[in-house]
>>> print(open('entry22.pdb').read())   # PDB, C-alpha atoms
MODEL        1
ATOM      1  CA  THR A 249      -7.597   7.002  -7.530  1.00  0.00           C
ATOM      2  CA  LYS A 250      -4.461   9.120  -7.109  1.00  0.00           C
ATOM      3  CA  GLU A 251      -1.031   7.522  -7.157  1.00  0.00           C
ATOM      4  CA  SER A 252      -0.488   8.812  -3.612  1.00  0.00           C
ATOM      5  CA  ASP A 253      -3.417   6.649  -2.480  1.00  0.00           C
ATOM      6  CA  PHE A 254      -1.373   3.570  -3.380  1.00  0.00           C
ATOM      7  CA  GLU A 255       1.588   4.402  -1.121  1.00  0.00           C
ATOM      8  CA  ASN A 256       2.291   1.988   1.724  1.00  0.00           C
ATOM      9  CA  ILE A 257      -0.478  -0.400   0.710  1.00  0.00           C
ATOM     10  CA  ARG A 258       0.410  -4.035   1.235  1.00  0.00           C
ATOM     11  CA  GLU A 259       0.476  -6.421  -1.715  1.00  0.00           C
ATOM     12  CA  THR A 260      -1.611  -9.580  -1.527  1.00  0.00           C
ATOM     13  CA  TYR A 261      -2.351 -12.570  -3.703  1.00  0.00           C
ATOM     14  CA  VAL A 262      -6.111 -11.972  -3.680  1.00  0.00           C
ATOM     15  CA  VAL A 263      -7.698 -12.439  -7.104  1.00  0.00           C
ATOM     16  CA  LEU A 264     -11.147 -11.047  -7.835  1.00  0.00           C
ATOM     17  CA  LYS A 265     -13.118 -12.520 -10.735  1.00  0.00           C
ATOM     18  CA  THR A 266     -16.579 -13.789 -11.591  1.00  0.00           C
ATOM     19  CA  LYS A 267     -17.789 -17.081 -10.135  1.00  0.00           C
ATOM     20  CA  HIS A 268     -19.637 -17.892 -13.357  1.00  0.00           C
ATOM     21  CA  THR A 269     -18.064 -20.210 -15.909  1.00  0.00           C
ATOM     22  CA  LYS A 270     -20.973 -20.113 -18.367  1.00  0.00           C
ATOM     23  CA  CYS A 271     -22.540 -16.932 -19.739  1.00  0.00           C
ATOM     24  CA  ILE A 272     -25.853 -16.195 -17.995  1.00  0.00           C
ATOM     25  CA  VAL A 273     -26.847 -13.700 -20.695  1.00  0.00           C
ATOM     26  CA  CYS A 274     -26.854 -15.911 -23.802  1.00  0.00           C
ATOM     27  CA  ASN A 275     -26.676 -19.286 -21.977  1.00  0.00           C
ATOM     28  CA  VAL A 276     -24.416 -20.523 -24.786  1.00  0.00           C
ATOM     29  CA  GLY A 277     -20.885 -19.193 -24.428  1.00  0.00           C
ATOM     30  CA  ASP A 278     -18.192 -20.079 -21.933  1.00  0.00           C
ATOM     31  CA  LEU A 279     -16.505 -17.327 -19.940  1.00  0.00           C
ATOM     32  CA  ILE A 280     -12.837 -16.879 -20.796  1.00  0.00           C
ATOM     33  CA  GLU A 281     -10.555 -14.998 -18.392  1.00  0.00           C
ATOM     34  CA  GLN A 282      -8.913 -11.919 -19.916  1.00  0.00           C
ATOM     35  CA  THR A 283      -5.676 -12.172 -17.940  1.00  0.00           C
ATOM     36  CA  THR A 284      -3.984  -9.518 -20.076  1.00  0.00           C
ATOM     37  CA  GLU A 285      -6.604  -6.984 -18.900  1.00  0.00           C
ATOM     38  CA  LYS A 286      -6.265  -7.573 -15.141  1.00  0.00           C
ATOM     39  CA  GLU A 287      -6.416  -4.427 -13.039  1.00  0.00           C
ATOM     40  CA  LYS A 288      -4.792  -3.656  -9.707  1.00  0.00           C
ATOM     41  CA  MET A 289      -7.579  -2.813  -7.278  1.00  0.00           C
ATOM     42  CA  VAL A 290      -7.500  -1.257  -3.806  1.00  0.00           C
ATOM     43  CA  VAL A 291      -9.503  -3.168  -1.194  1.00  0.00           C
ATOM     44  CA  TYR A 292     -10.565  -1.490   2.056  1.00  0.00           C
ATOM     45  CA  SER A 293     -11.063  -3.850   4.985  1.00  0.00           C
ATOM     46  CA  ARG A 294     -11.398  -3.769   8.772  1.00  0.00           C
ATOM     47  CA  THR A 295      -7.739  -4.768   9.056  1.00  0.00           C
ATOM     48  CA  GLY A 296      -6.312  -2.263   6.588  1.00  0.00           C
ATOM     49  CA  THR A 297      -5.961  -1.549   2.898  1.00  0.00           C
ATOM     50  CA  TYR A 298      -4.495  -3.999   0.418  1.00  0.00           C
ATOM     51  CA  TYR A 299      -4.181  -4.654  -3.296  1.00  0.00           C
ATOM     52  CA  ALA A 300      -6.031  -7.314  -5.245  1.00  0.00           C
ATOM     53  CA  ASN A 301      -5.944  -8.308  -8.899  1.00  0.00           C
ATOM     54  CA  HIS A 302      -9.277  -7.936 -10.690  1.00  0.00           C
ATOM     55  CA  ILE A 303      -9.484 -10.264 -13.696  1.00  0.00           C
ATOM     56  CA  PRO A 304     -12.395  -9.766 -16.118  1.00  0.00           C
ATOM     57  CA  SER A 305     -13.887 -12.594 -18.180  1.00  0.00           C
ATOM     58  CA  ARG A 306     -15.732 -12.447 -21.479  1.00  0.00           C
ATOM     59  CA  CYS A 307     -18.324 -14.662 -23.136  1.00  0.00           C
ATOM     60  CA  ASN A 308     -16.754 -16.485 -26.098  1.00  0.00           C
ATOM     61  CA  ASN A 309     -20.021 -16.681 -28.062  1.00  0.00           C
ATOM     62  CA  ARG A 310     -19.098 -15.204 -31.461  1.00  0.00           C
ATOM     63  CA  ASN A 311     -22.148 -16.532 -33.314  1.00  0.00           C
ATOM     64  CA  SER A 312     -22.438 -14.524 -36.540  1.00  0.00           C
ATOM     65  CA  PHE A 313     -26.224 -14.148 -36.133  1.00  0.00           C
ATOM     66  CA  ASN A 314     -26.370 -13.363 -32.417  1.00  0.00           C
ATOM     67  CA  PRO A 315     -22.938 -12.822 -30.833  1.00  0.00           C
ATOM     68  CA  CYS A 316     -22.773 -12.149 -27.083  1.00  0.00           C
ATOM     69  CA  ARG A 317     -19.250 -11.246 -25.876  1.00  0.00           C
ATOM     70  CA  THR A 318     -20.661  -9.974 -22.540  1.00  0.00           C
ATOM     71  CA  PRO A 319     -17.914  -8.926 -20.079  1.00  0.00           C
ATOM     72  CA  PHE A 320     -18.113 -10.349 -16.535  1.00  0.00           C
ATOM     73  CA  TYR A 321     -16.374  -9.038 -13.417  1.00  0.00           C
ATOM     74  CA  HIS A 322     -16.325  -9.872  -9.701  1.00  0.00           C
ATOM     75  CA  ASN A 323     -19.950  -9.384  -8.467  1.00  0.00           C
ATOM     76  CA  TYR A 324     -21.366  -8.038 -11.761  1.00  0.00           C
ATOM     77  CA  TYR A 325     -21.465  -7.991 -15.566  1.00  0.00           C
ATOM     78  CA  LYS A 326     -22.135  -5.269 -18.123  1.00  0.00           C
ATOM     79  CA  LYS A 327     -24.786  -5.346 -20.822  1.00  0.00           C
ATOM     80  CA  GLU A 328     -25.977  -2.522 -23.096  1.00  0.00           C
ATOM     81  CA  GLY A 329     -24.348   0.143 -20.915  1.00  0.00           C
ATOM     82  CA  LYS A 330     -25.890  -1.249 -17.721  1.00  0.00           C
ATOM     83  CA  GLN A 331     -24.020  -2.668 -14.745  1.00  0.00           C
ATOM     84  CA  ILE A 332     -25.876  -5.706 -13.433  1.00  0.00           C
ATOM     85  CA  TYR A 333     -24.938  -7.064  -9.989  1.00  0.00           C
ATOM     86  CA  ASP A 334     -25.246 -10.756  -9.140  1.00  0.00           C
ATOM     87  CA  HIS A 335     -28.068 -11.733  -6.783  1.00  0.00           C
ATOM     88  CA  GLU A 336     -25.389 -13.367  -4.618  1.00  0.00           C
ATOM     89  CA  ALA A 337     -23.050 -10.324  -4.621  1.00  0.00           C
ATOM     90  CA  LEU A 338     -23.510  -9.588  -0.922  1.00  0.00           C
ATOM     91  CA  LYS A 339     -22.631 -13.174  -0.003  1.00  0.00           C
ATOM     92  CA  ASP A 340     -19.111 -12.669  -1.342  1.00  0.00           C
ATOM     93  CA  GLU A 341     -16.330 -11.542   0.975  1.00  0.00           C
ATOM     94  CA  ILE A 342     -15.594  -8.473  -1.158  1.00  0.00           C
ATOM     95  CA  LEU A 343     -17.882  -6.047  -3.024  1.00  0.00           C
ATOM     96  CA  VAL A 344     -16.438  -4.170  -5.998  1.00  0.00           C
ATOM     97  CA  THR A 345     -17.653  -0.568  -5.780  1.00  0.00           C
ATOM     98  CA  SER A 346     -15.800   1.064  -8.695  1.00  0.00           C
ATOM     99  CA  ASP A 347     -13.261   0.243 -11.409  1.00  0.00           C
ATOM    100  CA  GLN A 348     -10.359   0.551  -8.942  1.00  0.00           C
ATOM    101  CA  THR A 349     -11.958   0.129  -5.537  1.00  0.00           C
ATOM    102  CA  ALA A 350     -13.526  -2.645  -3.459  1.00  0.00           C
ATOM    103  CA  PHE A 351     -14.617  -3.081   0.165  1.00  0.00           C
ATOM    104  CA  THR A 352     -14.884  -6.159   2.328  1.00  0.00           C
ATOM    105  CA  ILE A 353     -18.468  -6.910   3.342  1.00  0.00           C
ATOM    106  CA  ASP A 354     -17.639  -6.936   7.066  1.00  0.00           C
ATOM    107  CA  TYR A 355     -16.144  -3.436   6.780  1.00  0.00           C
ATOM    108  CA  LEU A 356     -19.243  -2.245   4.883  1.00  0.00           C
ATOM    109  CA  VAL A 357     -21.442  -3.609   7.684  1.00  0.00           C
ATOM    110  CA  GLU A 358     -19.318  -1.650  10.182  1.00  0.00           C
ATOM    111  CA  ILE A 359     -19.737   1.521   8.098  1.00  0.00           C
ATOM    112  CA  VAL A 360     -23.520   1.076   8.009  1.00  0.00           C
ATOM    113  CA  LEU A 361     -23.635   0.598  11.789  1.00  0.00           C
ATOM    114  CA  ASP A 362     -21.411   3.651  12.364  1.00  0.00           C
ATOM    115  CA  VAL A 363     -23.723   5.782  10.202  1.00  0.00           C
ATOM    116  CA  THR A 364     -27.103   4.465  11.407  1.00  0.00           C
ATOM    117  CA  ILE A 365     -26.401   3.846  15.107  1.00  0.00           C
ATOM    118  CA  CYS A 366     -23.513   6.197  15.941  1.00  0.00           C
ATOM    119  CA  ASN A 367     -24.602   9.042  13.618  1.00  0.00           C
ATOM    120  CA  GLY A 368     -21.184   8.965  11.967  1.00  0.00           C
ATOM    121  CA  ASN A 369     -20.560  10.970   8.823  1.00  0.00           C
ATOM    122  CA  PHE A 370     -18.342   9.919   5.945  1.00  0.00           C
ATOM    123  CA  GLU A 371     -15.614  12.431   6.712  1.00  0.00           C
ATOM    124  CA  SER A 372     -15.295  11.255  10.318  1.00  0.00           C
ATOM    125  CA  LEU A 373     -15.323   7.603   9.183  1.00  0.00           C
ATOM    126  CA  SER A 374     -12.522   8.299   6.713  1.00  0.00           C
ATOM    127  CA  LYS A 375     -10.470  10.066   9.386  1.00  0.00           C
ATOM    128  CA  LYS A 376     -11.025   7.166  11.764  1.00  0.00           C
ATOM    129  CA  TYR A 377      -9.946   4.689   9.099  1.00  0.00           C
ATOM    130  CA  SER A 378      -6.836   6.680   8.166  1.00  0.00           C
ATOM    131  CA  LEU A 379      -5.775   7.094  11.783  1.00  0.00           C
ATOM    132  CA  LEU A 380      -6.301   3.413  12.613  1.00  0.00           C
ATOM    133  CA  GLN A 381      -4.939   1.829   9.441  1.00  0.00           C
ATOM    134  CA  ASN A 382      -2.433   4.302   7.992  1.00  0.00           C
ATOM    135  CA  ARG A 383      -0.659   5.793  10.995  1.00  0.00           C
ATOM    136  CA  ARG A 384       2.743   5.580   9.328  1.00  0.00           C
ATOM    137  CA  LEU A 385       1.822   7.775   6.373  1.00  0.00           C
ATOM    138  CA  PRO A 386       3.251  11.334   6.321  1.00  0.00           C
ATOM    139  CA  THR A 387       0.710  13.972   7.357  1.00  0.00           C
ATOM    140  CA  ASP A 388       0.411  15.569   3.912  1.00  0.00           C
ATOM    141  CA  VAL A 389      -0.341  12.188   2.313  1.00  0.00           C
ATOM    142  CA  VAL A 390      -2.854  11.358   5.045  1.00  0.00           C
ATOM    143  CA  GLU A 391      -4.783  14.565   4.331  1.00  0.00           C
ATOM    144  CA  ARG A 392      -5.046  13.739   0.610  1.00  0.00           C
ATOM    145  CA  ARG A 393      -6.119  10.193   1.447  1.00  0.00           C
ATOM    146  CA  ILE A 394      -8.854  11.397   3.831  1.00  0.00           C
ATOM    147  CA  GLU A 395     -10.574  13.505   1.164  1.00  0.00           C
ATOM    148  CA  ALA A 396     -10.520  10.729  -1.430  1.00  0.00           C
ATOM    149  CA  ASN A 397     -11.411   8.091   1.156  1.00  0.00           C
ATOM    150  CA  ARG A 398     -14.495  10.036   2.253  1.00  0.00           C
ATOM    151  CA  LYS A 399     -15.900   9.913  -1.274  1.00  0.00           C
ATOM    152  CA  ARG A 400     -15.118   6.225  -1.691  1.00  0.00           C
ATOM    153  CA  ILE A 401     -16.729   5.370   1.657  1.00  0.00           C
ATOM    154  CA  ALA A 402     -19.871   7.305   0.685  1.00  0.00           C
ATOM    155  CA  GLU A 403     -20.104   5.559  -2.694  1.00  0.00           C
ATOM    156  CA  ALA A 404     -19.595   2.151  -1.097  1.00  0.00           C
ATOM    157  CA  PHE A 405     -22.154   2.863   1.652  1.00  0.00           C
ATOM    158  CA  PHE A 406     -24.896   3.805  -0.807  1.00  0.00           C
ATOM    159  CA  LEU A 407     -24.198   0.910  -3.172  1.00  0.00           C
ATOM    160  CA  PHE A 408     -24.137  -1.640  -0.342  1.00  0.00           C
ATOM    161  CA  THR A 409     -27.306  -0.363   1.363  1.00  0.00           C
ATOM    162  CA  TYR A 410     -29.126  -0.076  -1.979  1.00  0.00           C
ATOM    163  CA  LEU A 411     -28.294  -3.665  -2.943  1.00  0.00           C
ATOM    164  CA  GLU A 412     -29.104  -4.949   0.548  1.00  0.00           C
ATOM    165  CA  LEU A 413     -32.497  -3.195   0.719  1.00  0.00           C
ATOM    166  CA  GLY A 414     -33.364  -4.098  -2.869  1.00  0.00           C
ATOM    167  CA  GLN A 415     -32.705  -7.741  -2.084  1.00  0.00           C
ATOM    168  CA  ARG A 416     -34.450  -7.669   1.304  1.00  0.00           C
ATOM    169  CA  TYR A 417     -37.660  -6.124  -0.053  1.00  0.00           C
ATOM    170  CA  GLY A 418     -37.680  -8.019  -3.329  1.00  0.00           C
ATOM    171  CA  ILE A 419     -37.541  -4.924  -5.549  1.00  0.00           C
ATOM    172  CA  PRO A 420     -37.817  -6.103  -9.182  1.00  0.00           C
ATOM    173  CA  ASN A 421     -34.596  -5.567 -11.173  1.00  0.00           C
ATOM    174  CA  TYR A 422     -32.950  -3.730  -8.270  1.00  0.00           C
ATOM    175  CA  GLN A 423     -29.560  -5.148  -9.294  1.00  0.00           C
ATOM    176  CA  VAL A 424     -29.605  -3.371 -12.687  1.00  0.00           C
ATOM    177  CA  LEU A 425     -27.814  -0.006 -12.550  1.00  0.00           C
ATOM    178  CA  ASP A 426     -28.497   2.073 -15.653  1.00  0.00           C
ATOM    179  CA  SER A 427     -25.880   4.656 -14.683  1.00  0.00           C
ATOM    180  CA  ASP A 428     -25.295   5.168 -10.952  1.00  0.00           C
ATOM    181  CA  VAL A 429     -26.816   4.318  -7.576  1.00  0.00           C
ATOM    182  CA  ASP A 430     -28.583   7.691  -7.225  1.00  0.00           C
ATOM    183  CA  THR A 431     -30.433   7.107 -10.502  1.00  0.00           C
ATOM    184  CA  ALA A 432     -31.331   3.548  -9.461  1.00  0.00           C
ATOM    185  CA  ILE A 433     -32.724   4.757  -6.124  1.00  0.00           C
ATOM    186  CA  LEU A 434     -34.917   7.348  -7.850  1.00  0.00           C
ATOM    187  CA  LYS A 435     -36.056   4.793 -10.427  1.00  0.00           C
ATOM    188  CA  HIS A 436     -37.153   2.311  -7.751  1.00  0.00           C
ATOM    189  CA  LYS A 437     -38.363   4.877  -5.209  1.00  0.00           C
ATOM    190  CA  PRO A 438     -42.096   3.990  -5.616  1.00  0.00           C
ATOM    191  CA  ALA A 439     -41.352   0.273  -5.120  1.00  0.00           C
ATOM    192  CA  PHE A 440     -39.262   1.004  -2.006  1.00  0.00           C
ATOM    193  CA  GLN A 441     -41.975   3.264  -0.569  1.00  0.00           C
ATOM    194  CA  SER A 442     -44.641   0.651  -1.228  1.00  0.00           C
ATOM    195  CA  SER A 443     -42.525  -2.037   0.496  1.00  0.00           C
ATOM    196  CA  PHE A 444     -41.839   0.219   3.505  1.00  0.00           C
ATOM    197  CA  ARG A 445     -45.567   0.965   3.922  1.00  0.00           C
ATOM    198  CA  GLU A 446     -46.379  -2.723   4.041  1.00  0.00           C
ATOM    199  CA  LEU A 447     -44.129  -3.248   7.079  1.00  0.00           C
TER
ENDMDL
END
>>> encode(input="entry22.pdb", output="structure tokens")
Amino acid sequence: TKESDFENIRETYVVLKTKHTKCIVCNVGDLIEQTTEKEKMVVYSRTGTYYANHIPSRCNNRNSFNPCRTPFYHNYYKKEGKQIYDHEALKDEILVTSDQTAFTIDYLVEIVLDVTICNGNFESLSKKYSLLQNRRLPTDVVERRIEANRKRIAEAFFLFTYLELGQRYGIPNYQVLDSDVDTAILKHKPAFQSSFREL
């Protein structure tokens, strides 16, 4: 995210962190907040863009034979290079879509409806968002924001729809992302096709 993307964004007291208090990987350690590692995150919502603080937690299991130390974040945790989303991620108010970006679920639902019903494309959705929410920004800053916003909206759209469809059709291990959403979609393509045929 460019520094210009942070201009004129309102500050909030929203804190994003995992809901877990006990490690669900080793089932032994407690999760300890890493407040010194908190990141400022941009949240896109139906009422505008705002900042939130994203505070990671880490399992405190330091067992010398089988240590865990798994890091947990809002909606997901990381294990062996994989990003694993919570089964309840879409029930939260906010979905984290990248290290510095999050979207509110109601805005993601609006994006999906704009794309599927109104045939909207990501560039037009980003322009709409910028014109509605950031009218006070200078024109040159708005143009830079539109290009970056288009990519973030596309990434958020595909992550949200992938998680929603994976959950709806009961795709095994859908919530485990080995690298990115595109790879996960290809990996689970046969299971999706089989589920669609059964409808």
>>> resolve_selection(input="entry22.pdb", expression="the PyMOL selection byres ((chain A and resi 368-370) around 10)", output="NGL selection string")
:A and (359-367 or 371-376 or 394-395 or 397-403 or 405)
>>> write_last_selection(input="entry22.pdb", atoms="C-alpha atoms", output="PDB file, keeping the file's coordinate frame")
ATOM      1  CA  ILE A 359     -19.737   1.521   8.098  1.00  0.00           C
ATOM      2  CA  VAL A 360     -23.520   1.076   8.009  1.00  0.00           C
ATOM      3  CA  LEU A 361     -23.635   0.598  11.789  1.00  0.00           C
ATOM      4  CA  ASP A 362     -21.411   3.651  12.364  1.00  0.00           C
ATOM      5  CA  VAL A 363     -23.723   5.782  10.202  1.00  0.00           C
ATOM      6  CA  THR A 364     -27.103   4.465  11.407  1.00  0.00           C
ATOM      7  CA  ILE A 365     -26.401   3.846  15.107  1.00  0.00           C
ATOM      8  CA  CYS A 366     -23.513   6.197  15.941  1.00  0.00           C
ATOM      9  CA  ASN A 367     -24.602   9.042  13.618  1.00  0.00           C
ATOM     10  CA  GLU A 371     -15.614  12.431   6.712  1.00  0.00           C
ATOM     11  CA  SER A 372     -15.295  11.255  10.318  1.00  0.00           C
ATOM     12  CA  LEU A 373     -15.323   7.603   9.183  1.00  0.00           C
ATOM     13  CA  SER A 374     -12.522   8.299   6.713  1.00  0.00           C
ATOM     14  CA  LYS A 375     -10.470  10.066   9.386  1.00  0.00           C
ATOM     15  CA  LYS A 376     -11.025   7.166  11.764  1.00  0.00           C
ATOM     16  CA  ILE A 394      -8.854  11.397   3.831  1.00  0.00           C
ATOM     17  CA  GLU A 395     -10.574  13.505   1.164  1.00  0.00           C
ATOM     18  CA  ASN A 397     -11.411   8.091   1.156  1.00  0.00           C
ATOM     19  CA  ARG A 398     -14.495  10.036   2.253  1.00  0.00           C
ATOM     20  CA  LYS A 399     -15.900   9.913  -1.274  1.00  0.00           C
ATOM     21  CA  ARG A 400     -15.118   6.225  -1.691  1.00  0.00           C
ATOM     22  CA  ILE A 401     -16.729   5.370   1.657  1.00  0.00           C
ATOM     23  CA  ALA A 402     -19.871   7.305   0.685  1.00  0.00           C
ATOM     24  CA  GLU A 403     -20.104   5.559  -2.694  1.00  0.00           C
ATOM     25  CA  PHE A 405     -22.154   2.863   1.652  1.00  0.00           C
TER      26      PHE A 405
END
>>> resolve_selection(input="entry22.pdb", expression="the PyMOL selection byres ((chain A and resi 425-436) around 7)", output="mmCIF file with C-alpha atoms, in the frame of the given file")
data_model
loop_
_atom_site.group_PDB
_atom_site.id
_atom_site.type_symbol
_atom_site.label_atom_id
_atom_site.label_comp_id
_atom_site.auth_asym_id
_atom_site.auth_seq_id
_atom_site.Cartn_x
_atom_site.Cartn_y
_atom_site.Cartn_z
ATOM 1 C CA GLY A 329 -24.348 0.143 -20.915
ATOM 2 C CA LYS A 330 -25.890 -1.249 -17.721
ATOM 3 C CA GLN A 331 -24.020 -2.668 -14.745
ATOM 4 C CA ILE A 332 -25.876 -5.706 -13.433
ATOM 5 C CA LEU A 407 -24.198 0.910 -3.172
ATOM 6 C CA GLN A 423 -29.560 -5.148 -9.294
ATOM 7 C CA VAL A 424 -29.605 -3.371 -12.687
ATOM 8 C CA LYS A 437 -38.363 4.877 -5.209
ATOM 9 C CA PRO A 438 -42.096 3.990 -5.616
ATOM 10 C CA ALA A 439 -41.352 0.273 -5.120
ATOM 11 C CA PHE A 440 -39.262 1.004 -2.006
#
>>> closest_residue(input="entry22.pdb", among="A:His302, A:Thr297, A:Val263, A:Thr318", to="Asp278 (chain A)", atoms="only C-alpha atoms")
A:Thr318
>>> residues_around(input="entry22.pdb", residues="Glu336 (chain A)", least_positions_apart="4", cutoff="10 Å", atoms="all atoms listed in the file", output="ChimeraX atom specification")
/A:323-324,340,415
>>> atom_distance(input="entry22.pdb", atom1="CA of Lys286 (chain A)", atom2="CA of Ile303 (chain A)")
4.4 Å
>>> residues_near_point(input="entry22.pdb", point="(-8.0, -3.3, 4.1)", cutoff="12 Å", atoms="all atoms listed in the file", output="number ranges by chain")
A: 256-260, 262, 289-300, 342, 349-356, 377-378, 380-382
>>> closest_residue(input="entry22.pdb", among="A:Phe320, A:Phe313, A:Phe408, A:Phe444", to="Leu343 (chain A)", atoms="only C-alpha atoms")
A:Phe408
>>> axis_aligned_box(input="entry22.pdb", around="region 264-283 of chain A", padding_each_side="6 Å", output="lines of an AutoDock Vina configuration file")
center_x = -16.3
center_y = -15.8
center_z = -16.3
size_x = 33.2
size_y = 21.5
size_z = 29.0
>>> residues_around(input="entry22.pdb", residues="Pro319 (chain A)", least_positions_apart="6", cutoff="10 Å", atoms="only C-alpha atoms", output="ChimeraX atom specification")
/A:266,271,279-282,304-308,325-327
>>> closest_residue(input="entry22.pdb", among="A:Ser442, A:Tyr333, A:Val276, A:Val344", to="Tyr422 (chain A)", atoms="all atoms listed in the file")
A:Tyr333
>>> build_atoms(input="entry22.pdb", residues="region 402-419 of chain A", atoms="N, CA and C atoms", output="tab-separated table (two decimals), keeping the file's coordinate frame")
chain	number	residue	atom	x	y	z
A	402	ALA	N	-18.48	6.92	0.98
A	402	ALA	CA	-19.87	7.30	0.68
A	402	ALA	C	-20.43	6.48	-0.47
A	403	GLU	N	-19.66	6.34	-1.53
A	403	GLU	CA	-20.10	5.56	-2.69
A	403	GLU	C	-20.36	4.11	-2.30
A	404	ALA	N	-19.45	3.54	-1.52
A	404	ALA	CA	-19.60	2.15	-1.10
A	404	ALA	C	-20.80	1.97	-0.19
A	405	PHE	N	-21.01	2.92	0.74
A	405	PHE	CA	-22.15	2.86	1.65
A	405	PHE	C	-23.47	2.82	0.88
A	406	PHE	N	-23.63	3.73	-0.07
A	406	PHE	CA	-24.90	3.80	-0.81
A	406	PHE	C	-25.11	2.60	-1.71
A	407	LEU	N	-24.05	2.10	-2.33
A	407	LEU	CA	-24.20	0.91	-3.17
A	407	LEU	C	-24.58	-0.30	-2.32
A	408	PHE	N	-23.88	-0.49	-1.22
A	408	PHE	CA	-24.14	-1.64	-0.34
A	408	PHE	C	-25.55	-1.60	0.23
A	409	THR	N	-25.97	-0.45	0.77
A	409	THR	CA	-27.31	-0.36	1.36
A	409	THR	C	-28.39	-0.50	0.30
A	410	TYR	N	-28.15	0.06	-0.90
A	410	TYR	CA	-29.13	-0.08	-1.98
A	410	TYR	C	-29.31	-1.54	-2.37
A	411	LEU	N	-28.21	-2.25	-2.57
A	411	LEU	CA	-28.29	-3.66	-2.94
A	411	LEU	C	-28.93	-4.49	-1.83
A	412	GLU	N	-28.57	-4.18	-0.59
A	412	GLU	CA	-29.10	-4.95	0.55
A	412	GLU	C	-30.61	-4.73	0.69
A	413	LEU	N	-31.07	-3.48	0.58
A	413	LEU	CA	-32.50	-3.20	0.72
A	413	LEU	C	-33.28	-3.71	-0.49
A	414	GLY	N	-32.70	-3.58	-1.68
A	414	GLY	CA	-33.36	-4.10	-2.87
A	414	GLY	C	-33.59	-5.59	-2.78
A	415	GLN	N	-32.59	-6.29	-2.25
A	415	GLN	CA	-32.70	-7.74	-2.08
A	415	GLN	C	-33.68	-8.08	-0.97
A	416	ARG	N	-33.59	-7.38	0.14
A	416	ARG	CA	-34.45	-7.67	1.30
A	416	ARG	C	-35.92	-7.49	0.99
A	417	TYR	N	-36.26	-6.42	0.24
A	417	TYR	CA	-37.66	-6.12	-0.05
A	417	TYR	C	-38.12	-6.64	-1.41
A	418	GLY	N	-37.28	-7.40	-2.07
A	418	GLY	CA	-37.68	-8.02	-3.33
A	418	GLY	C	-38.05	-7.02	-4.42
A	419	ILE	N	-37.27	-5.94	-4.53
A	419	ILE	CA	-37.54	-4.92	-5.55
A	419	ILE	C	-37.18	-5.51	-6.92
